[in-house]
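Next comes start.cif, a file with mmCIF, C-alpha atoms.
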data_my_file
#
loop_
_atom_site.label_atom_id
_atom_site.label_comp_id
_atom_site.auth_asym_id
_atom_site.auth_seq_id
_atom_site.Cartn_x
_atom_site.Cartn_y
_atom_site.Cartn_z
CA MET A 1 3.32 -13.68 40.72
CA LYS A 2 5.58 -10.84 39.62
CA ARG A 3 3.75 -7.88 38.06
CA ILE A 4 4.72 -5.88 34.98
CA PHE A 5 3.10 -2.55 34.11
CA VAL A 6 3.33 -1.71 30.38
CA PHE A 7 2.52 1.89 29.37
CA SER A 8 1.56 3.00 25.85
CA TYR A 9 0.78 6.56 24.74
CA HIS A 10 -1.38 5.28 21.86
CA GLY A 11 -4.60 3.30 22.24
CA LYS A 12 -6.15 0.66 20.03
CA GLU A 13 -8.49 3.13 18.30
CA THR A 14 -5.51 4.61 16.42
CA TYR A 15 -4.43 1.26 14.85
CA GLN A 16 -0.85 2.33 15.48
CA THR A 17 1.92 -0.22 14.94
CA GLY A 18 3.39 0.88 18.26
CA PHE A 19 0.20 -0.07 20.09
CA ASN A 20 -0.06 -3.46 18.34
CA ARG A 21 3.56 -4.19 19.22
CA LEU A 22 3.06 -3.37 22.91
CA LEU A 23 -0.18 -5.36 23.05
CA SER A 24 1.64 -8.38 21.59
CA ILE A 25 4.50 -7.92 24.08
CA SER A 26 1.97 -7.71 26.92
CA GLU A 27 0.18 -10.86 25.77
CA HIS A 28 3.46 -12.75 25.58
CA LEU A 29 4.68 -11.51 28.95
CA SER A 30 1.35 -12.51 30.54
CA GLN A 31 2.30 -16.16 29.98
CA HIS A 32 4.93 -15.66 32.68
CA TYR A 33 3.80 -12.65 34.73
CA GLU A 34 0.74 -10.67 35.75
CA VAL A 35 0.68 -7.86 33.18
CA HIS A 36 -1.18 -4.57 33.50
CA PHE A 37 -1.29 -3.00 30.02
CA ILE A 38 -2.18 0.68 30.47
CA TYR A 39 -2.77 2.82 27.40
CA GLY A 40 -4.23 6.16 26.47
CA ASN A 41 -7.62 6.26 24.83
CA LYS A 42 -8.69 9.33 22.85
CA ASN A 43 -12.28 8.06 22.70
CA ARG A 44 -14.45 7.31 25.70
CA ASP A 45 -14.26 3.58 26.44
CA GLN A 46 -17.43 1.89 27.66
CA ARG A 47 -15.64 -1.09 29.20
CA PRO A 48 -12.62 0.31 31.03
CA ILE A 49 -10.98 -2.98 32.03
CA LYS A 50 -10.55 -6.20 30.05
CA ILE A 51 -9.11 -9.32 31.70
CA LYS A 52 -7.72 -12.30 29.79
CA GLY A 53 -5.81 -14.71 31.98
CA ASN A 54 -2.90 -12.81 33.51
CA LEU A 55 -3.35 -9.87 31.13
CA ILE A 56 -5.27 -6.87 32.44
CA GLU A 57 -5.96 -4.19 29.81
CA ILE A 58 -6.62 -0.75 31.28
CA PRO A 59 -7.54 1.92 28.71
CA LEU A 60 -7.51 5.36 30.33
CA SER A 61 -9.56 7.95 28.50
CA TYR A 62 -7.68 11.19 28.00
CA THR A 63 -9.34 14.30 29.39
CA ALA A 64 -10.89 16.27 26.54
CA GLY A 65 -10.43 20.03 26.15
CA PHE A 66 -9.90 22.82 23.63
CA PHE A 67 -6.36 21.86 22.56
CA HIS A 68 -7.19 18.17 22.74
CA ASN A 69 -10.01 18.54 20.22
CA ILE A 70 -7.92 20.62 17.80
CA TYR A 71 -5.01 18.17 17.97
CA LYS A 72 -7.26 15.16 17.45
CA ASN A 73 -9.07 16.83 14.53
CA TRP A 74 -5.80 17.68 12.76
CA LEU A 75 -4.57 14.10 13.15
CA GLU A 76 -7.79 12.62 11.79
CA THR A 77 -7.83 14.94 8.78
CA GLY A 78 -4.24 14.25 7.75
CA ARG A 79 -2.66 17.50 8.99
CA ARG A 80 -0.07 15.66 11.06
CA ARG A 81 2.71 18.24 10.80
CA MET A 82 0.43 20.95 12.21
CA ALA A 83 -0.69 18.54 14.94
CA LYS A 84 2.89 17.73 15.87
CA THR A 85 3.83 21.41 16.02
CA LEU A 86 0.88 22.04 18.35
CA LEU A 87 1.86 19.07 20.50
CA MET A 88 5.44 20.25 20.90
CA GLY A 89 4.48 23.89 21.45
CA TYR A 90 2.04 22.84 24.17
CA TYR A 91 4.77 20.79 25.85
CA PHE A 92 7.30 23.64 25.76
CA PHE A 93 4.88 26.09 27.38
CA THR A 94 3.22 23.75 29.92
CA GLY A 95 5.75 20.95 30.45
CA LYS A 96 2.97 18.43 29.77
CA GLU A 97 1.54 16.44 26.87
CA ILE A 98 -1.80 17.46 25.38
CA PHE A 99 -2.86 13.89 26.07
CA ASP A 100 -1.14 13.17 29.39
CA LEU A 101 -1.13 9.48 30.37
CA GLY A 102 0.78 10.27 33.57
CA ARG A 103 -2.05 12.48 34.81
CA GLU A 104 -4.67 9.89 33.87
CA PHE A 105 -2.78 7.08 35.61
CA ASP A 106 -2.31 9.20 38.72
CA ASN A 107 -6.09 9.70 38.85
CA TYR A 108 -6.58 5.96 38.32
CA LYS A 109 -4.21 5.17 41.21
CA LYS A 110 -6.10 7.46 43.57
CA LYS A 111 -9.47 6.00 42.64
CA THR A 112 -8.38 2.35 42.88
CA ASN A 113 -5.76 2.57 45.65
CA ILE A 114 -3.36 0.57 43.47
CA VAL A 115 0.17 0.47 44.89
CA LEU A 116 3.31 -0.68 43.09
CA THR A 117 6.19 -2.35 44.96
CA ASN A 118 9.93 -2.69 44.47
CA GLU A 119 9.22 -6.17 43.06
CA ASP A 120 7.20 -4.74 40.17
CA ILE A 121 8.56 -3.86 36.72
CA VAL A 122 7.49 -0.82 34.68
CA LEU A 123 7.96 -0.89 30.89
CA ALA A 124 7.52 2.61 29.47
CA SER A 125 7.54 3.01 25.70
CA PHE A 126 8.63 5.97 23.56
CA PRO A 127 7.22 7.89 21.56
CA SER A 128 6.31 10.58 24.05
CA ILE A 129 9.01 11.33 26.60
CA ALA A 130 6.12 11.92 28.99
CA ILE A 131 5.67 8.12 29.14
CA HIS A 132 9.34 7.73 30.10
CA ASN A 133 8.88 10.51 32.65
CA LEU A 134 5.95 8.54 34.08
CA GLY A 135 8.17 5.47 34.37
CA TYR A 136 10.82 7.54 36.15
CA SER A 137 8.25 8.95 38.59
CA LEU A 138 6.92 5.48 39.43
CA LYS A 139 10.42 4.20 40.14
CA GLN A 140 11.11 7.17 42.40
CA GLU A 141 7.82 6.66 44.23
CA PHE A 142 7.80 2.88 44.60
CA GLY A 143 11.34 1.67 43.90
CA CYS A 144 10.18 -0.62 41.07
CA LYS A 145 12.39 -1.74 38.17
CA LEU A 146 12.29 0.48 35.08
CA VAL A 147 12.54 -0.67 31.46
CA LEU A 148 12.71 2.11 28.84
CA ASP A 149 11.59 1.12 25.34
CA TYR A 150 12.66 3.16 22.28
CA ARG A 151 11.15 2.75 18.81
CA ASP A 152 12.77 6.11 17.95
CA PRO A 153 16.00 7.53 19.37
CA GLY A 154 14.48 10.29 21.55
CA VAL A 155 16.66 13.41 21.68
CA PHE A 156 19.62 11.52 20.24
CA GLY A 157 20.24 10.80 16.58
CA TYR A 158 18.19 11.89 13.61
CA GLN A 159 15.56 14.62 13.38
CA LEU A 160 12.19 12.98 14.03
CA ILE A 161 9.70 12.46 11.22
CA GLU A 162 7.75 15.59 10.20
CA GLU A 163 9.73 17.77 12.59
CA ASN A 164 11.34 20.93 11.25
CA ARG A 165 14.87 21.93 12.19
CA ILE A 166 13.85 24.66 14.66
CA MET A 167 11.44 22.36 16.51
CA SER A 168 14.10 19.65 16.58
CA VAL A 169 16.65 22.01 18.17
CA LEU A 170 14.08 23.20 20.73
CA ARG A 171 12.99 19.66 21.55
CA ARG A 172 16.56 18.53 22.16
CA PHE A 173 17.33 21.61 24.27
CA PHE A 174 14.27 21.33 26.51
CA LEU A 175 14.07 17.54 26.83
CA LYS A 176 17.70 16.43 26.99
CA ARG A 177 18.04 16.85 30.76
CA ASN A 178 14.99 14.66 31.43
CA GLU A 179 16.11 12.14 28.82
CA LEU A 180 19.52 11.73 30.46
CA ARG A 181 17.90 11.51 33.90
CA ASN A 182 15.56 8.74 32.69
CA LEU A 183 18.40 6.80 31.05
CA LYS A 184 20.48 6.98 34.22
CA CYS A 185 17.54 5.69 36.27
CA ALA A 186 16.70 2.74 33.97
CA ASP A 187 17.44 -0.87 34.86
CA LEU A 188 17.13 -1.98 31.22
CA ILE A 189 16.87 -0.08 27.93
CA ILE A 190 15.60 -1.73 24.75
CA THR A 191 15.50 -0.44 21.20
CA ILE A 192 14.60 -1.87 17.82
CA SER A 193 17.90 -1.84 15.93
CA GLU A 194 21.65 -1.75 16.35
CA SER A 195 21.70 1.49 14.35
CA ILE A 196 19.51 3.27 16.90
CA ARG A 197 21.48 1.75 19.78
CA LYS A 198 24.64 3.37 18.39
CA LEU A 199 23.01 6.82 18.56
CA PHE A 200 22.90 6.84 22.38
CA PRO A 201 25.68 8.13 24.65
CA GLU A 202 28.49 5.62 25.05
CA LYS A 203 28.08 5.28 28.82
CA HIS A 204 24.55 3.83 28.42
CA LYS A 205 25.23 1.37 25.60
CA ASP A 206 26.01 -1.62 27.82
CA LEU A 207 22.50 -1.32 29.26
CA ILE A 208 20.83 -1.06 25.83
CA LYS A 209 19.66 -4.31 24.23
CA VAL A 210 18.18 -4.77 20.75
CA ILE A 211 14.66 -6.21 20.54
CA ARG A 212 13.72 -5.86 16.89
CA ASN A 213 10.37 -5.12 15.32
CA GLY A 214 8.66 -8.10 13.80
CA TYR A 215 5.43 -9.24 12.20
CA ASP A 216 2.65 -11.00 14.12
CA ILE A 217 3.01 -14.65 13.15
CA LYS A 218 -0.32 -15.53 14.80
CA LYS A 219 -2.27 -13.40 12.33
CA ILE A 220 -0.89 -14.65 8.99
CA ASN A 221 -2.24 -17.72 7.20
CA PHE A 222 0.70 -18.59 4.96
CA ASN A 223 -1.49 -20.95 2.91
CA LEU A 224 -3.41 -17.94 1.59
CA ILE A 225 -0.40 -16.21 0.06
CA LYS A 226 -0.91 -16.23 -3.72
CA GLN A 227 -0.65 -14.18 -6.89
CA HIS A 228 -3.58 -12.23 -8.31
CA PRO A 229 -3.81 -13.55 -11.91
CA TYR A 230 -5.34 -10.42 -13.44
CA THR A 231 -3.75 -7.49 -11.64
CA PHE A 232 -0.19 -6.57 -10.68
CA LYS A 233 -0.55 -5.10 -7.19
CA LEU A 234 2.26 -2.85 -5.97
CA VAL A 235 1.59 -2.37 -2.25
CA TYR A 236 2.70 0.05 0.45
CA LEU A 237 1.71 -0.77 4.02
CA GLY A 238 1.07 1.74 6.83
CA SER A 239 1.41 5.46 7.41
CA ILE A 240 2.86 7.91 4.90
CA TYR A 241 4.68 10.98 6.21
CA ASN A 242 5.28 14.21 4.33
CA ASP A 243 9.04 13.71 4.61
CA GLN A 244 8.68 10.58 2.47
CA LEU A 245 6.99 12.54 -0.29
CA GLU A 246 9.60 15.24 -0.77
CA ASN A 247 11.37 12.99 -3.27
CA THR A 248 8.88 12.04 -6.02
CA ILE A 249 11.16 9.97 -8.30
CA PHE A 250 9.11 6.84 -7.61
CA PHE A 251 5.84 8.45 -8.75
CA LYS A 252 7.53 9.99 -11.78
CA ALA A 253 8.95 6.59 -12.78
CA VAL A 254 5.55 4.92 -12.37
CA ARG A 255 3.92 7.55 -14.58
CA ARG A 256 6.57 7.02 -17.28
CA PHE A 257 6.17 3.24 -16.99
CA ILE A 258 2.40 3.54 -17.49
CA ASP A 259 2.72 5.92 -20.44
CA GLN A 260 5.57 4.15 -22.22
CA TYR A 261 3.96 0.70 -22.09
CA ILE A 262 0.32 1.87 -22.25
CA ILE A 263 -0.66 0.11 -19.01
CA GLN A 264 -4.36 0.09 -18.13
CA PRO A 265 -5.58 0.48 -14.51
CA GLN A 266 -7.24 -2.93 -14.36
CA TYR A 267 -3.83 -4.56 -14.84
CA PHE A 268 -1.69 -2.36 -12.60
CA GLN A 269 -2.59 -0.94 -9.18
CA ILE A 270 -0.68 0.94 -6.48
CA ARG A 271 -2.34 0.19 -3.17
CA PHE A 272 -1.67 2.06 0.06
CA ILE A 273 -3.00 -0.24 2.78
CA GLY A 274 -3.79 1.08 6.26
CA THR A 275 -2.39 4.48 5.35
CA GLY A 276 -5.25 6.71 6.41
CA GLU A 277 -5.54 10.39 5.56
CA SER A 278 -2.54 12.09 3.97
CA LEU A 279 -3.20 15.35 2.16
CA LYS A 280 0.32 15.42 0.72
CA LEU A 281 -0.03 11.90 -0.72
CA LYS A 282 -3.26 12.84 -2.45
CA GLU A 283 -1.58 15.93 -3.91
CA VAL A 284 1.32 13.88 -5.29
CA ILE A 285 -1.02 11.29 -6.81
CA LYS A 286 -3.08 14.02 -8.44
CA HIS A 287 0.04 15.80 -9.73
CA PHE A 288 1.14 12.68 -11.62
CA ASN A 289 -2.43 11.81 -12.74
CA LEU A 290 -2.30 8.47 -10.96
CA GLU A 291 -5.81 8.54 -9.47
CA PRO A 292 -7.15 5.69 -11.68
CA TYR A 293 -4.23 3.48 -10.66
CA THR A 294 -4.15 4.25 -6.93
CA HIS A 295 -6.12 3.15 -3.90
CA ILE A 296 -5.59 4.66 -0.42
CA GLY A 297 -7.00 2.53 2.38
CA ALA A 298 -8.07 3.66 5.83
CA LYS A 299 -6.32 2.52 8.98
CA MET A 300 -7.83 -0.75 10.15
CA PRO A 301 -7.24 -3.72 12.46
CA LEU A 302 -4.12 -5.77 11.72
CA GLU A 303 -6.08 -8.90 10.78
CA GLN A 304 -7.96 -6.96 8.12
CA ILE A 305 -4.76 -5.41 6.80
CA TYR A 306 -3.11 -8.82 6.41
CA THR A 307 -6.00 -10.07 4.25
CA GLU A 308 -5.18 -7.26 1.82
CA LEU A 309 -1.59 -8.47 1.46
CA TYR A 310 -2.08 -12.08 0.40
CA SER A 311 -2.39 -11.27 -3.33
CA THR A 312 0.37 -8.65 -3.51
CA ALA A 313 2.78 -8.87 -6.45
CA MET A 314 5.43 -6.53 -5.00
CA PHE A 315 5.86 -4.38 -1.90
CA PHE A 316 7.61 -1.02 -1.80
CA HIS A 317 9.07 1.49 0.64
CA LEU A 318 9.42 5.25 0.45
CA ARG A 319 12.63 6.55 2.01
CA TYR A 320 12.36 8.71 5.15
CA GLY A 321 14.24 11.72 3.85
CA ASN A 322 17.97 11.44 4.62
CA ARG A 323 17.48 9.18 7.63
CA LYS A 324 19.43 5.91 7.42
CA GLU A 325 18.51 4.35 10.77
CA ILE A 326 14.78 3.74 10.21
CA ILE A 327 13.56 0.19 9.73
CA THR A 328 9.85 -0.12 10.33
CA THR A 329 7.63 -3.07 11.23
CA LYS A 330 6.39 -3.15 7.64
CA GLN A 331 9.79 -4.45 6.48
CA TYR A 332 9.33 -7.59 8.59
CA GLU A 333 5.77 -7.97 7.30
CA TYR A 334 7.00 -7.62 3.72
CA LEU A 335 9.62 -10.30 4.36
CA ALA A 336 7.01 -12.60 5.92
CA PHE A 337 4.69 -12.39 2.90
CA GLN A 338 7.62 -13.53 0.75
CA LYS A 339 7.06 -11.18 -2.19
CA PRO A 340 9.80 -8.96 -3.65
CA ILE A 341 10.43 -5.58 -2.02
CA LEU A 342 11.24 -2.43 -3.98
CA LEU A 343 13.23 0.41 -2.41
CA PRO A 344 12.91 3.02 -5.18
CA VAL A 345 15.39 5.47 -3.65
CA ASN A 346 18.38 3.97 -1.84
CA ASP A 347 18.48 4.98 1.84
CA HIS A 348 22.10 3.75 2.17
CA GLY A 349 21.04 2.44 5.55
CA ASP A 350 18.96 -0.14 7.40
CA LEU A 351 16.30 -0.70 4.71
CA ARG A 352 18.90 -1.31 2.02
CA GLU A 353 20.85 -3.63 4.31
CA SER A 354 17.76 -5.66 5.23
CA ILE A 355 16.65 -6.11 1.61
CA LEU A 356 20.10 -7.17 0.42
CA ASN A 357 20.91 -9.39 3.41
CA ASN A 358 17.61 -11.22 3.06
CA ASN A 359 17.84 -11.43 -0.75
CA ALA A 360 14.43 -9.84 -0.66
CA GLY A 361 14.17 -7.56 -3.68
CA PHE A 362 15.55 -4.47 -5.36
CA VAL A 363 17.32 -1.27 -4.31
CA CYS A 364 17.30 1.50 -6.91
CA ASN A 365 19.40 4.59 -7.42
CA ASN A 366 17.57 6.37 -10.23
CA GLU A 367 14.39 6.61 -12.28
CA GLU A 368 15.56 4.28 -15.05
CA GLU A 369 16.30 1.47 -12.62
CA ILE A 370 12.80 1.78 -11.12
CA MET A 371 11.19 1.61 -14.57
CA ASN A 372 13.26 -1.39 -15.64
CA ILE A 373 12.41 -3.37 -12.50
CA LEU A 374 8.71 -2.58 -12.83
CA LYS A 375 8.74 -3.66 -16.47
CA VAL A 376 10.50 -6.98 -15.82
CA ARG A 377 8.37 -7.91 -12.82
CA TYR A 378 5.15 -6.83 -14.56
CA ASP A 379 5.92 -8.91 -17.66
CA GLU A 380 6.93 -11.96 -15.63
CA HIS A 381 3.80 -11.68 -13.54
CA PHE A 382 1.55 -11.97 -16.59
CA LYS A 383 3.69 -14.73 -18.11
CA GLY A 384 2.83 -16.81 -15.05
CA ASN A 385 6.31 -16.46 -13.50
CA PRO A 386 5.66 -14.24 -10.46
CA MET A 387 8.53 -13.77 -8.07
CA CYS A 388 8.23 -15.48 -4.70
CA ILE A 389 11.00 -15.58 -2.09
CA PHE A 390 10.53 -18.80 -0.13
CA ARG A 391 11.49 -18.80 3.55
CA THR A 392 11.73 -21.76 5.90
CA HIS A 393 9.61 -22.06 9.05
CA GLU A 394 12.72 -21.26 11.09
CA GLU A 395 13.42 -18.11 9.06
CA LEU A 396 9.81 -16.96 9.32
CA TYR A 397 9.78 -17.46 13.08
CA GLU A 398 13.03 -15.54 13.52
CA LEU A 399 11.46 -12.58 11.66
CA SER A 400 8.39 -12.65 13.92
CA ARG A 401 7.49 -10.44 16.82
CA GLN A 402 7.08 -13.55 18.96
CA ALA A 403 10.73 -14.57 18.52
CA GLN A 404 11.83 -11.13 19.71
CA GLU A 405 9.46 -11.31 22.67
CA GLU A 406 11.18 -14.51 23.82
CA LYS A 407 14.44 -12.57 23.94
CA LEU A 408 12.73 -9.80 25.91
CA ILE A 409 11.44 -12.29 28.49
CA GLU A 410 14.99 -13.56 29.01
CA LEU A 411 16.16 -10.00 29.69
CA ILE A 412 13.29 -9.28 32.08
CA ASP A 413 13.88 -12.55 33.95
CA LYS A 414 17.37 -11.27 34.77
CA LEU A 415 15.86 -8.26 36.52
#
Represent the structure of the file as structure tokens.
Amino acid sequence: MKRIFVFSYHGKETYQTGFNRLLSISEHLSQHYEVHFIYGNKNRDQRPIKIKGNLIEIPLSYTAGFFHNIYKNWLETGRRRMAKTLLMGYYFFTGKEIFDLGREFDNYKKKTNIVLTNEDIVLASFPSIAIHNLGYSLKQEFGCKLVLDYRDPGVFGYQLIEENRIMSVLRRFFLKRNELRNLKCADLIITISESIRKLFPEKHKDLIKVIRNGYDIKKINFNLIKQHPYTFKLVYLGSIYNDQLENTIFFKAVRRFIDQYIIQPQYFQIRFIGTGESLKLKEVIKHFNLEPYTHIGAKMPLEQIYTELYSTAMFFHLRYGNRKEIITTKQYEYLAFQKPILLPVNDHGDLRESILNNNAGFVCNNEEEIMNILKVRYDEHFKGNPMCIFRTHEELYELSRQAQEEKLIELIDKL
């Protein structure tokens, strides 16, 4: 049976969307191939290998040290920008990641005598160019096929989230040579949107295929989707980055909506689900005196997150600065739960296009529009006329991660 080695920088303890996506891809691929899913683990794992059919999970614990502990502490306490600066500075001076999966896998190979062949396939997933570098090294060593996966555009395209201009210039300067080398070496390149595909150099575009994000259809019980009769829940799902909080029009409009219509907290809630620590978010909420109306939930397993979404009245996004090419997994999850989606500040890009093309909600251009939409939807909710956007089984499947994984299998079969 053909083997596929899937590499992920993040481990399951982080509850990262990127990890969940790669785990789902690995599970789906294991129906056709023997899949070794290798991922970094920032905590010591007591059971290093888990086998389920043709899927072999191999968490490799990152070596702990001085910089490792500082970086991990900053991430866990919401100081992500400082953590990212440390990560990039460490890479510039040492040429390595603080948490280096390549080093850990090399140690694993030596201890287990595992050998790849030219029949094997390596799927290396960005973020972390070090994972792509690992894929390149394995192809050079064993002659295996290389699939590069991009959830972000690497050194091409927009400035990455929570990255200042100087760090962005330095990152592009130092990493571009390796990025181009990896692209030239790849047998297949996949990315999550046509917008990101267009950011790459023209000579590589024929090799780049779009495998979109999607929601996990296996973990939603559509029969449980309902409306909460007593509370209008406005829900944001997933991580919040400081770049998303530079523009505070949404929070200002919510505060005006509450004050103008004398809305009490038991009837109106803003819920951040699976967001985790964000010092900037807490500051913004405090600035607009929204503490009684706001709940910030810790990161948690996907199944637990989905249970929080069944009684949502409306979902919302926060624009990623001036970036137009970002469309996250949460958009597909919002669409799957079939409640209206609010984009308070128009991104003039992929989010706007997805909402309008799927007739999924509202795109706003100013504070008044946000207030008006909140007022109409709030009133209709308590009149017993909540908005629901029905989707057929075929539409729901097409939005799922599993539908995209079928397309990926077809591409890998051709290798």
Run through the PyMOL selection byres ((chain A and resi 281-286) around 9) on the given coordinates and return the selected residues as a PDB file with C-alpha atoms, keeping the file's coordinate frame.
ATOM      1  CA  ILE A 240       2.860   7.910   4.900  1.00  0.00           C
ATOM      2  CA  TYR A 241       4.680  10.980   6.210  1.00  0.00           C
ATOM      3  CA  ASN A 242       5.280  14.210   4.330  1.00  0.00           C
ATOM      4  CA  LEU A 245       6.990  12.540  -0.290  1.00  0.00           C
ATOM      5  CA  THR A 248       8.880  12.040  -6.020  1.00  0.00           C
ATOM      6  CA  PHE A 251       5.840   8.450  -8.750  1.00  0.00           C
ATOM      7  CA  GLU A 277      -5.540  10.390   5.560  1.00  0.00           C
ATOM      8  CA  SER A 278      -2.540  12.090   3.970  1.00  0.00           C
ATOM      9  CA  LEU A 279      -3.200  15.350   2.160  1.00  0.00           C
ATOM     10  CA  LYS A 280       0.320  15.420   0.720  1.00  0.00           C
ATOM     11  CA  HIS A 287       0.040  15.800  -9.730  1.00  0.00           C
ATOM     12  CA  PHE A 288       1.140  12.680 -11.620  1.00  0.00           C
ATOM     13  CA  ASN A 289      -2.430  11.810 -12.740  1.00  0.00           C
ATOM     14  CA  LEU A 290      -2.300   8.470 -10.960  1.00  0.00           C
ATOM     15  CA  GLU A 291      -5.810   8.540  -9.470  1.00  0.00           C
ATOM     16  CA  THR A 294      -4.150   4.250  -6.930  1.00  0.00           C
ATOM     17  CA  ILE A 296      -5.590   4.660  -0.420  1.00  0.00           C
TER      18      ILE A 296
END
Check which residues of range 245-302 of chain A sit at most 9 Å from range 7-16 of chain A using all atoms listed in the file, and return one row each with the closest pair of atoms and their distance in Å to one decimal, ordered by chain and rising number, as CSV.
residue,atom,partner,partner_atom,distance
A:Gly274,CA,A:Tyr15,CA,8.6
A:Lys299,CA,A:Tyr15,CA,6.3
A:Met300,CA,A:Tyr15,CA,6.1
A:Pro301,CA,A:Tyr15,CA,6.2
A:Leu302,CA,A:Tyr15,CA,7.7
Exercise: residues within 12 Å of coordinate (13.5, -10.7, 32.5), counting all atoms listed in the file, as number ranges by chain = A: 2-4, 29, 32-33, 120-123, 145-147, 187-188, 405-415
Residues near Leu399 in chain A, cut-off 7 Å, only C-alpha atoms, skip fewer than 5 positions along chain, as a PDB file with C-alpha atoms, keeping the file's coordinate frame:
ATOM      1  CA  GLY A 214       8.660  -8.100  13.800  1.00  0.00           C
ATOM      2  CA  TYR A 215       5.430  -9.240  12.200  1.00  0.00           C
ATOM      3  CA  TYR A 332       9.330  -7.590   8.590  1.00  0.00           C
TER       4      TYR A 332
END
Mind giving me the straight-line distance from CA of Ile196 in chain A to CA of Asp152 in chain A in Å, one decimal?
->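 CA of Asp152 in chain A lies 7.4 Å from CA of Ile196 in chain A.
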Would you kindly translate the PyMOL selection byres ((chain A and resi 318) around 8) into the concrete residues it picks from this file, as a ChimeraX atom specification?
-> /A:244-245,316-317,319-320,343-345
Determine, counting all atoms listed in the file, which protein, DNA and RNA residues have an atom within 10 Å of an atom of Tyr150 in chain A; residues of the same chain fewer than 2 positions away are not included. Present the result as a PyMOL selection string.
-> chain A and resi 124-129+132+147-148+152-154+189-193+196-197+208+210-211
From the list A:Phe173, A:Phe105, A:Phe93, A:Phe142, which residue is nearest Ile58 in chain A when using all atoms listed in the file?
->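 Checking each candidate against Ile58 in chain A, we get A:Phe105 as the closest.
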Quick one: of A:Asn322, A:Gln140, A:Ser311, A:Gln269, who's nearest to Asp347 in chain A, counting all atoms listed in the file?
-> A:Asn322
Please evaluate the PyMOL selection byres ((chain A and resi 64) around 10) against the structure above and give the resulting residues as a VMD selection string.
-> chain A and resid 42 to 44 61 to 63 65 to 69 72 98 to 99
